[in-house]
>>> print(open('input11.cif').read())   # mmCIF, C-alpha atoms, pLDDT in the B column; chains and numbers go by the auth columns
data_final
#
loop_
_atom_site.group_PDB
_atom_site.id
_atom_site.type_symbol
_atom_site.label_atom_id
_atom_site.label_comp_id
_atom_site.label_asym_id
_atom_site.label_seq_id
_atom_site.Cartn_x
_atom_site.Cartn_y
_atom_site.Cartn_z
_atom_site.B_iso_or_equiv
_atom_site.auth_seq_id
_atom_site.auth_asym_id
ATOM 1 C CA MET A 1 134.293 144.443 240.119 39.00 774 A
ATOM 2 C CA THR A 2 137.571 144.789 238.229 43.00 775 A
ATOM 3 C CA THR A 3 137.244 146.043 234.658 45.00 776 A
ATOM 4 C CA PRO A 4 139.912 145.701 231.932 49.00 777 A
ATOM 5 C CA SER A 5 140.816 149.361 232.376 51.00 778 A
ATOM 6 C CA ASP A 6 141.543 148.690 236.079 60.00 779 A
ATOM 7 C CA VAL A 7 144.162 146.026 235.303 67.00 780 A
ATOM 8 C CA PRO A 8 147.716 147.422 235.473 85.00 781 A
ATOM 9 C CA GLU A 9 149.467 147.321 232.095 92.00 782 A
ATOM 10 C CA TRP A 10 152.406 145.450 233.576 92.00 783 A
ATOM 11 C CA GLY A 11 153.734 144.422 236.967 94.00 784 A
ATOM 12 C CA CYS A 12 156.478 142.468 238.731 94.00 785 A
ATOM 13 C CA LEU A 13 156.499 139.787 241.408 95.00 786 A
ATOM 14 C CA ALA A 14 159.587 138.370 243.148 95.00 787 A
ATOM 15 C CA ARG A 15 159.339 135.244 245.267 95.00 788 A
ATOM 16 C CA ALA A 16 161.739 132.687 246.705 96.00 789 A
ATOM 17 C CA TYR A 17 160.878 128.977 246.722 95.00 790 A
ATOM 18 C CA SER A 18 162.522 126.028 248.466 93.00 791 A
ATOM 19 C CA ARG A 19 163.701 122.876 246.733 87.00 792 A
ATOM 20 C CA GLY A 20 160.784 120.506 246.213 86.00 793 A
ATOM 21 C CA GLN A 21 158.094 123.139 246.792 92.00 794 A
ATOM 22 C CA VAL A 22 155.068 122.896 244.479 91.00 795 A
ATOM 23 C CA ASN A 23 152.770 125.656 243.239 92.00 796 A
ATOM 24 C CA PRO A 24 149.496 123.887 242.279 92.00 797 A
ATOM 25 C CA GLU A 25 147.582 124.439 239.053 92.00 798 A
ATOM 26 C CA HIS A 26 146.291 127.985 238.588 93.00 799 A
ATOM 27 C CA LYS A 27 145.932 130.707 235.963 94.00 800 A
ATOM 28 C CA HIS A 28 146.229 134.473 235.646 94.00 801 A
ATOM 29 C CA SER A 29 144.223 137.131 233.850 94.00 802 A
ATOM 30 C CA ARG A 30 147.476 138.547 232.487 95.00 803 A
ATOM 31 C CA GLY A 31 150.242 137.084 230.354 96.00 804 A
ATOM 32 C CA GLN A 32 153.444 136.392 232.239 96.00 805 A
ATOM 33 C CA LEU A 33 157.125 135.790 231.713 97.00 806 A
ATOM 34 C CA LEU A 34 158.489 133.270 234.231 95.00 807 A
ATOM 35 C CA TYR A 35 162.209 133.683 234.855 94.00 808 A
ATOM 36 C CA ALA A 36 164.309 132.072 237.588 91.00 809 A
ATOM 37 C CA GLU A 37 167.160 134.361 238.541 89.00 810 A
ATOM 38 C CA LYS A 38 168.516 131.369 240.459 88.00 811 A
ATOM 39 C CA GLY A 39 167.351 127.776 240.521 87.00 812 A
ATOM 40 C CA VAL A 40 165.513 125.423 238.177 86.00 813 A
ATOM 41 C CA MET A 41 161.754 124.969 237.891 90.00 814 A
ATOM 42 C CA LEU A 42 159.584 122.314 236.274 88.00 815 A
ATOM 43 C CA VAL A 43 156.499 123.940 234.751 91.00 816 A
ATOM 44 C CA GLN A 44 153.520 121.850 233.639 87.00 817 A
ATOM 45 C CA THR A 45 151.064 123.376 231.184 86.00 818 A
ATOM 46 C CA GLY A 46 149.290 122.603 227.949 71.00 819 A
ATOM 47 C CA GLY A 47 149.951 118.875 228.305 73.00 820 A
ATOM 48 C CA LYS A 48 153.707 119.518 228.355 79.00 821 A
ATOM 49 C CA GLN A 49 156.326 119.898 231.053 79.00 822 A
ATOM 50 C CA TRP A 50 159.136 122.396 230.711 84.00 823 A
ATOM 51 C CA VAL A 51 162.402 122.441 232.659 83.00 824 A
ATOM 52 C CA ILE A 52 163.423 126.093 232.979 88.00 825 A
ATOM 53 C CA PRO A 53 166.981 126.875 234.147 85.00 826 A
ATOM 54 C CA PRO A 54 168.219 130.437 234.809 85.00 827 A
ATOM 55 C CA GLN A 55 169.417 130.774 231.224 83.00 828 A
ATOM 56 C CA ARG A 56 165.856 130.520 229.888 89.00 829 A
ATOM 57 C CA ALA A 57 162.398 131.933 230.506 94.00 830 A
ATOM 58 C CA LEU A 58 158.877 130.690 229.814 94.00 831 A
ATOM 59 C CA TRP A 59 156.135 132.836 228.282 95.00 832 A
ATOM 60 C CA LEU A 60 152.573 131.988 229.377 95.00 833 A
ATOM 61 C CA PRO A 61 149.614 133.738 227.673 95.00 834 A
ATOM 62 C CA ALA A 62 146.766 135.022 229.843 95.00 835 A
ATOM 63 C CA GLY A 63 144.365 132.361 231.121 95.00 836 A
ATOM 64 C CA GLU A 64 146.809 129.473 230.616 94.00 837 A
ATOM 65 C CA LEU A 65 146.472 126.827 233.332 94.00 838 A
ATOM 66 C CA HIS A 66 149.863 125.910 234.764 94.00 839 A
ATOM 67 C CA ALA A 67 151.602 124.461 237.795 93.00 840 A
ATOM 68 C CA PHE A 68 155.248 124.292 238.734 92.00 841 A
ATOM 69 C CA ALA A 69 157.617 122.436 241.026 89.00 842 A
ATOM 70 C CA LEU A 70 161.000 123.710 242.149 90.00 843 A
ATOM 71 C CA LEU A 71 163.957 121.427 241.506 85.00 844 A
ATOM 72 C CA SER A 72 166.292 123.571 243.622 85.00 845 A
ATOM 73 C CA HIS A 73 166.151 126.713 245.747 89.00 846 A
ATOM 74 C CA THR A 74 164.692 129.202 243.281 91.00 847 A
ATOM 75 C CA GLU A 75 164.537 132.988 243.119 93.00 848 A
ATOM 76 C CA LEU A 76 161.595 133.508 240.768 95.00 849 A
ATOM 77 C CA ARG A 77 161.042 136.759 238.905 95.00 850 A
ATOM 78 C CA THR A 78 157.682 137.091 237.143 96.00 851 A
ATOM 79 C CA VAL A 79 156.717 139.983 234.874 96.00 852 A
ATOM 80 C CA TYR A 80 152.997 140.295 234.113 96.00 853 A
ATOM 81 C CA PHE A 81 151.448 141.998 231.076 96.00 854 A
ATOM 82 C CA SER A 82 147.757 142.904 230.646 95.00 855 A
ATOM 83 C CA PRO A 83 145.921 141.575 227.554 94.00 856 A
ATOM 84 C CA SER A 84 145.627 145.122 226.180 93.00 857 A
ATOM 85 C CA PHE A 85 149.357 145.742 226.689 94.00 858 A
ATOM 86 C CA VAL A 86 150.128 142.474 224.875 94.00 859 A
ATOM 87 C CA GLY A 87 147.642 143.340 222.137 90.00 860 A
ATOM 88 C CA ASP A 88 149.421 146.619 221.455 89.00 861 A
ATOM 89 C CA THR A 89 152.640 144.755 220.593 87.00 862 A
ATOM 90 C CA ASP A 90 153.249 144.770 216.838 78.00 863 A
ATOM 91 C CA GLY A 91 152.827 141.330 215.260 77.00 864 A
ATOM 92 C CA ALA A 92 152.238 139.619 218.603 75.00 865 A
ATOM 93 C CA LYS A 93 151.832 136.168 217.003 80.00 866 A
ATOM 94 C CA ASN A 94 154.279 134.383 219.314 84.00 867 A
ATOM 95 C CA LEU A 95 152.646 135.923 222.388 92.00 868 A
ATOM 96 C CA LYS A 96 149.542 133.843 221.752 90.00 869 A
ATOM 97 C CA GLN A 97 151.307 130.571 222.517 90.00 870 A
ATOM 98 C CA ILE A 98 153.453 129.077 225.271 91.00 871 A
ATOM 99 C CA HIS A 99 157.119 129.096 224.405 90.00 872 A
ATOM 100 C CA VAL A 100 160.593 129.057 225.937 90.00 873 A
ATOM 101 C CA ILE A 101 163.239 131.643 225.063 91.00 874 A
ATOM 102 C CA ASP A 102 166.932 132.084 225.749 88.00 875 A
ATOM 103 C CA MET A 103 167.539 134.879 228.242 89.00 876 A
ATOM 104 C CA THR A 104 170.107 137.237 226.785 88.00 877 A
ATOM 105 C CA PRO A 105 172.164 139.477 229.111 88.00 878 A
ATOM 106 C CA PHE A 106 170.148 142.453 227.843 92.00 879 A
ATOM 107 C CA ALA A 107 166.807 140.784 228.633 93.00 880 A
ATOM 108 C CA ARG A 108 168.052 139.912 232.138 92.00 881 A
ATOM 109 C CA HIS A 109 169.161 143.522 232.608 92.00 882 A
ATOM 110 C CA LEU A 110 165.721 144.788 231.565 93.00 883 A
ATOM 111 C CA ILE A 111 164.008 142.519 234.093 94.00 884 A
ATOM 112 C CA THR A 112 166.426 143.520 236.867 92.00 885 A
ATOM 113 C CA SER A 113 165.829 147.202 236.110 93.00 886 A
ATOM 114 C CA LEU A 114 162.046 146.764 236.192 93.00 887 A
ATOM 115 C CA PHE A 115 162.290 145.158 239.627 93.00 888 A
ATOM 116 C CA GLU A 116 164.676 147.796 240.959 92.00 889 A
ATOM 117 C CA GLY A 117 162.345 150.594 239.872 86.00 890 A
ATOM 118 C CA THR A 118 165.177 153.097 239.443 87.00 891 A
ATOM 119 C CA PHE A 119 163.593 154.751 236.392 92.00 892 A
ATOM 120 C CA ASN A 120 160.426 156.833 236.175 93.00 893 A
ATOM 121 C CA HIS A 121 157.111 155.265 235.178 91.00 894 A
ATOM 122 C CA SER A 122 157.195 156.284 231.502 93.00 895 A
ATOM 123 C CA THR A 123 160.719 154.909 231.091 95.00 896 A
ATOM 124 C CA GLN A 124 159.781 151.668 232.842 94.00 897 A
ATOM 125 C CA LYS A 125 156.795 151.336 230.515 94.00 898 A
ATOM 126 C CA LEU A 126 159.109 151.622 227.509 95.00 899 A
ATOM 127 C CA MET A 127 161.360 148.963 229.075 95.00 900 A
ATOM 128 C CA ALA A 128 158.360 146.663 229.620 95.00 901 A
ATOM 129 C CA GLN A 129 157.291 147.186 225.996 95.00 902 A
ATOM 130 C CA LEU A 130 160.803 146.400 224.781 95.00 903 A
ATOM 131 C CA LEU A 131 160.968 143.237 226.901 95.00 904 A
ATOM 132 C CA LEU A 132 157.633 142.088 225.500 94.00 905 A
ATOM 133 C CA ARG A 133 158.807 142.734 221.941 94.00 906 A
ATOM 134 C CA MET A 134 161.926 140.676 222.633 93.00 907 A
ATOM 135 C CA VAL A 135 159.824 137.800 223.985 93.00 908 A
ATOM 136 C CA ASN A 136 157.681 137.960 220.851 92.00 909 A
ATOM 137 C CA GLU A 137 160.566 138.139 218.391 91.00 910 A
ATOM 138 C CA THR A 138 163.024 135.725 220.048 88.00 911 A
ATOM 139 C CA GLU A 139 163.063 132.301 218.435 85.00 912 A
ATOM 140 C CA ALA A 140 161.133 129.751 220.482 84.00 913 A
ATOM 141 C CA LEU A 141 163.175 126.838 221.806 82.00 914 A
ATOM 142 C CA PRO A 142 161.968 123.223 221.773 74.00 915 A
ATOM 143 C CA VAL A 143 160.826 121.492 224.973 65.00 916 A
ATOM 144 C CA SER A 144 164.098 121.174 226.853 70.00 917 A
ATOM 145 C CA LEU A 145 163.510 117.988 228.838 83.00 918 A
ATOM 146 C CA VAL A 146 160.618 115.648 228.154 85.00 919 A
ATOM 147 C CA MET A 147 159.133 114.410 231.427 88.00 920 A
ATOM 148 C CA PRO A 148 157.136 111.154 231.654 91.00 921 A
ATOM 149 C CA ARG A 149 153.383 111.638 231.447 88.00 922 A
ATOM 150 C CA ASP A 150 152.609 108.481 233.422 92.00 923 A
ATOM 151 C CA GLU A 151 152.028 109.443 237.057 91.00 924 A
ATOM 152 C CA GLY A 152 154.302 106.758 238.505 94.00 925 A
ATOM 153 C CA LEU A 153 157.165 107.372 236.101 95.00 926 A
ATOM 154 C CA ASN A 154 156.816 111.125 236.516 90.00 927 A
ATOM 155 C CA SER A 155 156.953 110.897 240.308 91.00 928 A
ATOM 156 C CA VAL A 156 160.225 108.957 240.262 93.00 929 A
ATOM 157 C CA ALA A 157 161.721 111.125 237.498 93.00 930 A
ATOM 158 C CA ARG A 158 160.914 114.265 239.477 88.00 931 A
ATOM 159 C CA ASN A 159 162.466 112.709 242.592 90.00 932 A
ATOM 160 C CA ILE A 160 165.664 112.110 240.618 92.00 933 A
ATOM 161 C CA LEU A 161 165.796 115.769 239.599 88.00 934 A
ATOM 162 C CA VAL A 162 164.902 117.236 242.995 85.00 935 A
ATOM 163 C CA ASN A 163 167.187 114.980 245.038 88.00 936 A
ATOM 164 C CA ASN A 164 170.025 114.568 242.499 88.00 937 A
ATOM 165 C CA ARG A 165 169.704 110.780 242.428 92.00 938 A
ATOM 166 C CA TRP A 166 171.958 110.423 239.405 93.00 939 A
ATOM 167 C CA ASP A 167 173.286 107.062 240.571 92.00 940 A
ATOM 168 C CA ILE A 168 169.871 105.381 240.221 94.00 941 A
ATOM 169 C CA THR A 169 169.930 102.407 237.863 95.00 942 A
ATOM 170 C CA LEU A 170 167.324 101.193 235.416 95.00 943 A
ATOM 171 C CA THR A 171 166.768 98.179 237.675 96.00 944 A
ATOM 172 C CA GLU A 172 166.093 100.413 240.693 96.00 945 A
ATOM 173 C CA PHE A 173 163.738 102.696 238.752 96.00 946 A
ATOM 174 C CA ALA A 174 161.802 99.702 237.392 95.00 947 A
ATOM 175 C CA ALA A 175 161.428 98.300 240.908 95.00 948 A
ATOM 176 C CA LEU A 176 160.103 101.626 242.213 94.00 949 A
ATOM 177 C CA VAL A 177 157.273 101.570 239.653 95.00 950 A
ATOM 178 C CA ALA A 178 156.668 97.819 240.083 95.00 951 A
ATOM 179 C CA MET A 179 157.686 96.815 236.564 96.00 952 A
ATOM 180 C CA SER A 180 160.062 94.290 235.120 96.00 953 A
ATOM 181 C CA GLU A 181 163.135 95.791 233.455 96.00 954 A
ATOM 182 C CA ARG A 182 161.870 94.812 229.995 96.00 955 A
ATOM 183 C CA THR A 183 158.392 96.289 230.575 96.00 956 A
ATOM 184 C CA PHE A 184 159.862 99.438 232.097 96.00 957 A
ATOM 185 C CA THR A 185 162.257 99.940 229.184 96.00 958 A
ATOM 186 C CA ARG A 186 159.478 99.604 226.635 96.00 959 A
ATOM 187 C CA PHE A 187 157.061 101.770 228.625 96.00 960 A
ATOM 188 C CA PHE A 188 159.595 104.548 229.297 96.00 961 A
ATOM 189 C CA VAL A 189 160.530 104.875 225.623 96.00 962 A
ATOM 190 C CA ALA A 190 156.865 104.908 224.593 96.00 963 A
ATOM 191 C CA ASP A 191 156.130 107.630 227.156 93.00 964 A
ATOM 192 C CA THR A 192 159.115 109.969 226.633 92.00 965 A
ATOM 193 C CA GLY A 193 160.615 109.026 223.282 92.00 966 A
ATOM 194 C CA TYR A 194 163.941 108.329 224.990 94.00 967 A
ATOM 195 C CA SER A 195 165.615 105.373 226.639 96.00 968 A
ATOM 196 C CA PHE A 196 166.043 105.803 230.390 96.00 969 A
ATOM 197 C CA ARG A 197 169.813 106.153 229.953 94.00 970 A
ATOM 198 C CA THR A 198 169.439 108.924 227.370 95.00 971 A
ATOM 199 C CA TRP A 199 166.759 110.696 229.412 95.00 972 A
ATOM 200 C CA LYS A 200 168.917 110.639 232.546 95.00 973 A
ATOM 201 C CA GLN A 201 171.853 112.020 230.582 94.00 974 A
ATOM 202 C CA ARG A 202 169.717 114.905 229.307 92.00 975 A
ATOM 203 C CA ALA A 203 168.294 115.480 232.796 92.00 976 A
ATOM 204 C CA ARG A 204 171.814 115.795 234.214 93.00 977 A
ATOM 205 C CA ILE A 205 172.671 118.407 231.597 92.00 978 A
ATOM 206 C CA PHE A 206 169.673 120.570 232.450 87.00 979 A
ATOM 207 C CA ALA A 207 170.327 120.161 236.170 87.00 980 A
ATOM 208 C CA SER A 208 173.904 121.314 235.548 90.00 981 A
ATOM 209 C CA MET A 209 172.670 124.680 234.251 85.00 982 A
ATOM 210 C CA ASP A 210 171.623 125.688 237.764 82.00 983 A
ATOM 211 C CA LEU A 211 175.070 124.869 239.153 87.00 984 A
ATOM 212 C CA LEU A 212 176.802 126.651 236.276 87.00 985 A
ATOM 213 C CA SER A 213 174.648 129.751 236.732 79.00 986 A
ATOM 214 C CA ASN A 214 175.914 129.912 240.332 79.00 987 A
ATOM 215 C CA ASP A 215 179.491 129.989 239.006 83.00 988 A
ATOM 216 C CA MET A 216 180.394 126.479 240.141 89.00 989 A
ATOM 217 C CA PRO A 217 183.539 125.452 238.219 92.00 990 A
ATOM 218 C CA VAL A 218 182.943 123.115 235.289 93.00 991 A
ATOM 219 C CA LYS A 219 185.133 120.383 236.792 94.00 992 A
ATOM 220 C CA LEU A 220 183.194 120.397 240.057 95.00 993 A
ATOM 221 C CA VAL A 221 179.844 120.341 238.231 94.00 994 A
ATOM 222 C CA ALA A 222 180.992 117.322 236.227 95.00 995 A
ATOM 223 C CA TYR A 223 181.929 115.325 239.315 94.00 996 A
ATOM 224 C CA ARG A 224 178.890 116.529 241.306 93.00 997 A
ATOM 225 C CA LEU A 225 176.584 115.089 238.624 93.00 998 A
ATOM 226 C CA GLY A 226 178.430 111.777 238.417 91.00 999 A
ATOM 227 C CA PHE A 227 180.358 112.174 235.168 94.00 1000 A
ATOM 228 C CA SER A 228 183.580 110.215 234.989 92.00 1001 A
ATOM 229 C CA CYS A 229 185.598 113.278 233.993 94.00 1002 A
ATOM 230 C CA PRO A 230 185.094 116.907 232.891 95.00 1003 A
ATOM 231 C CA SER A 231 185.659 116.080 229.223 96.00 1004 A
ATOM 232 C CA SER A 232 182.794 113.555 229.186 95.00 1005 A
ATOM 233 C CA PHE A 233 180.522 116.184 230.794 96.00 1006 A
ATOM 234 C CA VAL A 234 181.528 118.792 228.196 96.00 1007 A
ATOM 235 C CA ALA A 235 180.900 116.318 225.348 96.00 1008 A
ATOM 236 C CA ALA A 236 177.458 115.412 226.731 95.00 1009 A
ATOM 237 C CA PHE A 237 176.621 119.088 227.311 94.00 1010 A
ATOM 238 C CA ARG A 238 177.555 119.958 223.731 92.00 1011 A
ATOM 239 C CA ALA A 239 175.541 117.026 222.352 91.00 1012 A
ATOM 240 C CA VAL A 240 172.377 118.186 224.178 89.00 1013 A
ATOM 241 C CA THR A 241 172.654 121.978 223.872 85.00 1014 A
ATOM 242 C CA GLY A 242 175.031 122.568 220.967 85.00 1015 A
ATOM 243 C CA ARG A 243 177.129 124.733 223.283 86.00 1016 A
ATOM 244 C CA VAL A 244 179.808 124.326 225.969 90.00 1017 A
ATOM 245 C CA PRO A 245 179.273 124.687 229.743 91.00 1018 A
ATOM 246 C CA SER A 246 181.302 127.891 229.982 86.00 1019 A
ATOM 247 C CA ASP A 247 178.648 129.582 227.811 81.00 1020 A
ATOM 248 C CA PHE A 248 176.276 129.202 230.760 78.00 1021 A
ATOM 249 C CA THR A 249 178.463 130.607 233.501 72.00 1022 A
ATOM 250 C CA GLY A 250 180.537 133.654 234.327 52.00 1023 A
ATOM 251 C CA LEU A 251 183.506 131.348 234.822 35.00 1024 A
ATOM 252 C CA HIS A 252 185.477 130.148 231.823 35.00 1025 A
ATOM 253 C CA ASP A 253 187.195 126.983 232.936 40.00 1026 A
ATOM 254 C CA THR A 254 189.378 126.351 229.916 39.00 1027 A
ATOM 255 C CA ALA A 255 190.716 123.145 231.403 37.00 1028 A
ATOM 256 C CA GLY A 256 187.167 121.859 231.741 42.00 1029 A
ATOM 257 C CA ASP A 257 186.241 122.850 228.169 44.00 1030 A
ATOM 258 C CA SER A 258 189.256 121.286 226.515 37.00 1031 A
#
>>> encode(input="input11.cif", output="structure tokens")
Amino acid sequence: MTTPSDVPEWGCLARAYSRGQVNPEHKHSRGQLLYAEKGVMLVQTGGKQWVIPPQRALWLPAGELHAFALLSHTELRTVYFSPSFVGDTDGAKNLKQIHVIDMTPFARHLITSLFEGTFNHSTQKLMAQLLLRMVNETEALPVSLVMPRDEGLNSVARNILVNNRWDITLTEFAALVAMSERTFTRFFVADTGYSFRTWKQRARIFASMDLLSNDMPVKLVAYRLGFSCPSSFVAAFRAVTGRVPSDFTGLHDTAGDS
């Protein structure tokens, strides 16, 4: 039988997932930081669904039931922390609840270093402690993309994200869930808080983060996601995130951000 003292204080797990792959509902005895080095994942937990691009990470306390689906090829990096290790963190209030954080370059470097194992154990422990403190002290972000709770709506919405069906119309979506356009419009707003048009616009922005993180030029991302021109993509991106696309990529396409 495993006792609390037998549980490692922290650990790392790297795994690659294919687009559309699903990891069914499960839980862990340790808290974990889910971070996609590449790709976008849809995590369902606590009655909410979170779209996590490479620029963000999701903190899950120990024992939290969760499942996730991969919206693109994803290189997942998970760092686990034992309850005692979490408990030793000063003022660990935010570590008691699920929340999303922005991944700063320093936080990404810490995670990369933990996986590479180039430092001795005591140094790696200090790095793990620092990462946990950063997770605790970094301001939590709101749910990035609200997904429909209704099973039928959710299935089609997920299909749009996984298969990049950005050309789908309201009429087509309504037909797929066997509703009239009027009923669908009313039902979708009641479920998500957004019109279908607004939701799809937001979904495109969060899908774009994966492409941007892979250094795809802003202009190409705009056309890939069906925007009429780069400037309309930049305007929509700024409206949703408060930032410009070049903030999310190593490329700075000044023509695309003008």
>>> residues_near_point(input="input11.cif", point="(155.6, 141.5, 242.0)", cutoff="12 Å", atoms="only C-alpha atoms", output="count of residues only")
22
>>> residues_around(input="input11.cif", residues="Gly925 of chain A", least_positions_apart="4", cutoff="9 Å", atoms="all atoms listed in the file", output="ChimeraX atom specification")
/A:921,929-930,949-950
>>> residues_near_point(input="input11.cif", point="(149.7, 130.7, 228.4)", cutoff="8 Å", atoms="all atoms listed in the file", output="mmCIF file with C-alpha atoms, keeping the file's coordinate frame")
data_model
loop_
_atom_site.group_PDB
_atom_site.id
_atom_site.type_symbol
_atom_site.label_atom_id
_atom_site.label_comp_id
_atom_site.auth_asym_id
_atom_site.auth_seq_id
_atom_site.Cartn_x
_atom_site.Cartn_y
_atom_site.Cartn_z
ATOM 1 C CA GLY A 804 150.242 137.084 230.354
ATOM 2 C CA GLN A 805 153.444 136.392 232.239
ATOM 3 C CA THR A 818 151.064 123.376 231.184
ATOM 4 C CA TRP A 832 156.135 132.836 228.282
ATOM 5 C CA LEU A 833 152.573 131.988 229.377
ATOM 6 C CA PRO A 834 149.614 133.738 227.673
ATOM 7 C CA ALA A 835 146.766 135.022 229.843
ATOM 8 C CA GLY A 836 144.365 132.361 231.121
ATOM 9 C CA GLU A 837 146.809 129.473 230.616
ATOM 10 C CA LEU A 838 146.472 126.827 233.332
ATOM 11 C CA HIS A 839 149.863 125.910 234.764
ATOM 12 C CA LYS A 869 149.542 133.843 221.752
ATOM 13 C CA GLN A 870 151.307 130.571 222.517
ATOM 14 C CA ILE A 871 153.453 129.077 225.271
#
>>> atom_distance(input="input11.cif", atom1="atom CA of Leu993 of chain A", atom2="atom CA of Thr1022 of chain A")
13.0 Å
>>> closest_atom_pairs(input="input11.cif", of="segment 930-1031 of chain A", to="segment 845-848 of chain A", cutoff="12 Å", atoms="only C-alpha atoms", output="JSON lines")
{"residue": "A:Arg931", "atom": "CA", "partner": "A:Ser845", "partner_atom": "CA", "distance": 11.5}
{"residue": "A:Asn932", "atom": "CA", "partner": "A:Ser845", "partner_atom": "CA", "distance": 11.6}
{"residue": "A:Ile933", "atom": "CA", "partner": "A:Ser845", "partner_atom": "CA", "distance": 11.9}
{"residue": "A:Leu934", "atom": "CA", "partner": "A:Ser845", "partner_atom": "CA", "distance": 8.8}
{"residue": "A:Val935", "atom": "CA", "partner": "A:Ser845", "partner_atom": "CA", "distance": 6.5}
{"residue": "A:Asn936", "atom": "CA", "partner": "A:Ser845", "partner_atom": "CA", "distance": 8.8}
{"residue": "A:Asn937", "atom": "CA", "partner": "A:Ser845", "partner_atom": "CA", "distance": 9.8}
{"residue": "A:Ala980", "atom": "CA", "partner": "A:Ser845", "partner_atom": "CA", "distance": 9.1}
{"residue": "A:Ser981", "atom": "CA", "partner": "A:Ser845", "partner_atom": "CA", "distance": 11.3}
{"residue": "A:Met982", "atom": "CA", "partner": "A:Ser845", "partner_atom": "CA", "distance": 11.4}
{"residue": "A:Asp983", "atom": "CA", "partner": "A:Ser845", "partner_atom": "CA", "distance": 8.2}
{"residue": "A:Leu984", "atom": "CA", "partner": "A:Ser845", "partner_atom": "CA", "distance": 9.9}
{"residue": "A:Ser986", "atom": "CA", "partner": "A:Thr847", "partner_atom": "CA", "distance": 11.9}
{"residue": "A:Asn987", "atom": "CA", "partner": "A:His846", "partner_atom": "CA", "distance": 11.6}
>>> residues_around(input="input11.cif", residues="Thr971 of chain A", least_positions_apart="2", cutoff="12 Å", atoms="only C-alpha atoms", output="short mmCIF file (atom, residue, chain, number, x, y, z; two decimals) with C-alpha atoms, in the coordinates of the input")
data_model
loop_
_atom_site.label_atom_id
_atom_site.label_comp_id
_atom_site.auth_asym_id
_atom_site.auth_seq_id
_atom_site.Cartn_x
_atom_site.Cartn_y
_atom_site.Cartn_z
CA LEU A 918 163.51 117.99 228.84
CA VAL A 919 160.62 115.65 228.15
CA LEU A 943 167.32 101.19 235.42
CA THR A 958 162.26 99.94 229.18
CA PHE A 961 159.60 104.55 229.30
CA VAL A 962 160.53 104.88 225.62
CA THR A 965 159.12 109.97 226.63
CA GLY A 966 160.62 109.03 223.28
CA TYR A 967 163.94 108.33 224.99
CA SER A 968 165.62 105.37 226.64
CA PHE A 969 166.04 105.80 230.39
CA LYS A 973 168.92 110.64 232.55
CA GLN A 974 171.85 112.02 230.58
CA ARG A 975 169.72 114.90 229.31
CA ALA A 976 168.29 115.48 232.80
CA ARG A 977 171.81 115.80 234.21
CA ILE A 978 172.67 118.41 231.60
CA ALA A 1009 177.46 115.41 226.73
CA ALA A 1012 175.54 117.03 222.35
CA VAL A 1013 172.38 118.19 224.18
#
>>> residues_around(input="input11.cif", residues="Pro1018 of chain A", least_positions_apart="3", cutoff="7 Å", atoms="only C-alpha atoms", output="ChimeraX atom specification")
/A:991,1007,1010,1021
>>> residues_around(input="input11.cif", residues="Ile825 of chain A", least_positions_apart="6", cutoff="8 Å", atoms="all atoms listed in the file", output="PyMOL selection string")
chain A and resi 808-809+813-816+831+917
>>> resolve_selection(input="input11.cif", expression="the PyMOL selection byres ((chain A and resi 898-903) around 12)", output="PyMOL selection string")
chain A and resi 781-785+805-806+852-855+857-863+865+879-888+890-897+904-911
>>> closest_residue(input="input11.cif", among="A:Glu912, A:Thr877, A:Asp940, A:Phe979", to="Trp823 of chain A", atoms="all atoms listed in the file")
A:Phe979
>>> atom_distance(input="input11.cif", atom1="atom CA of Lys811 of chain A", atom2="atom CA of Pro826 of chain A")
7.9 Å
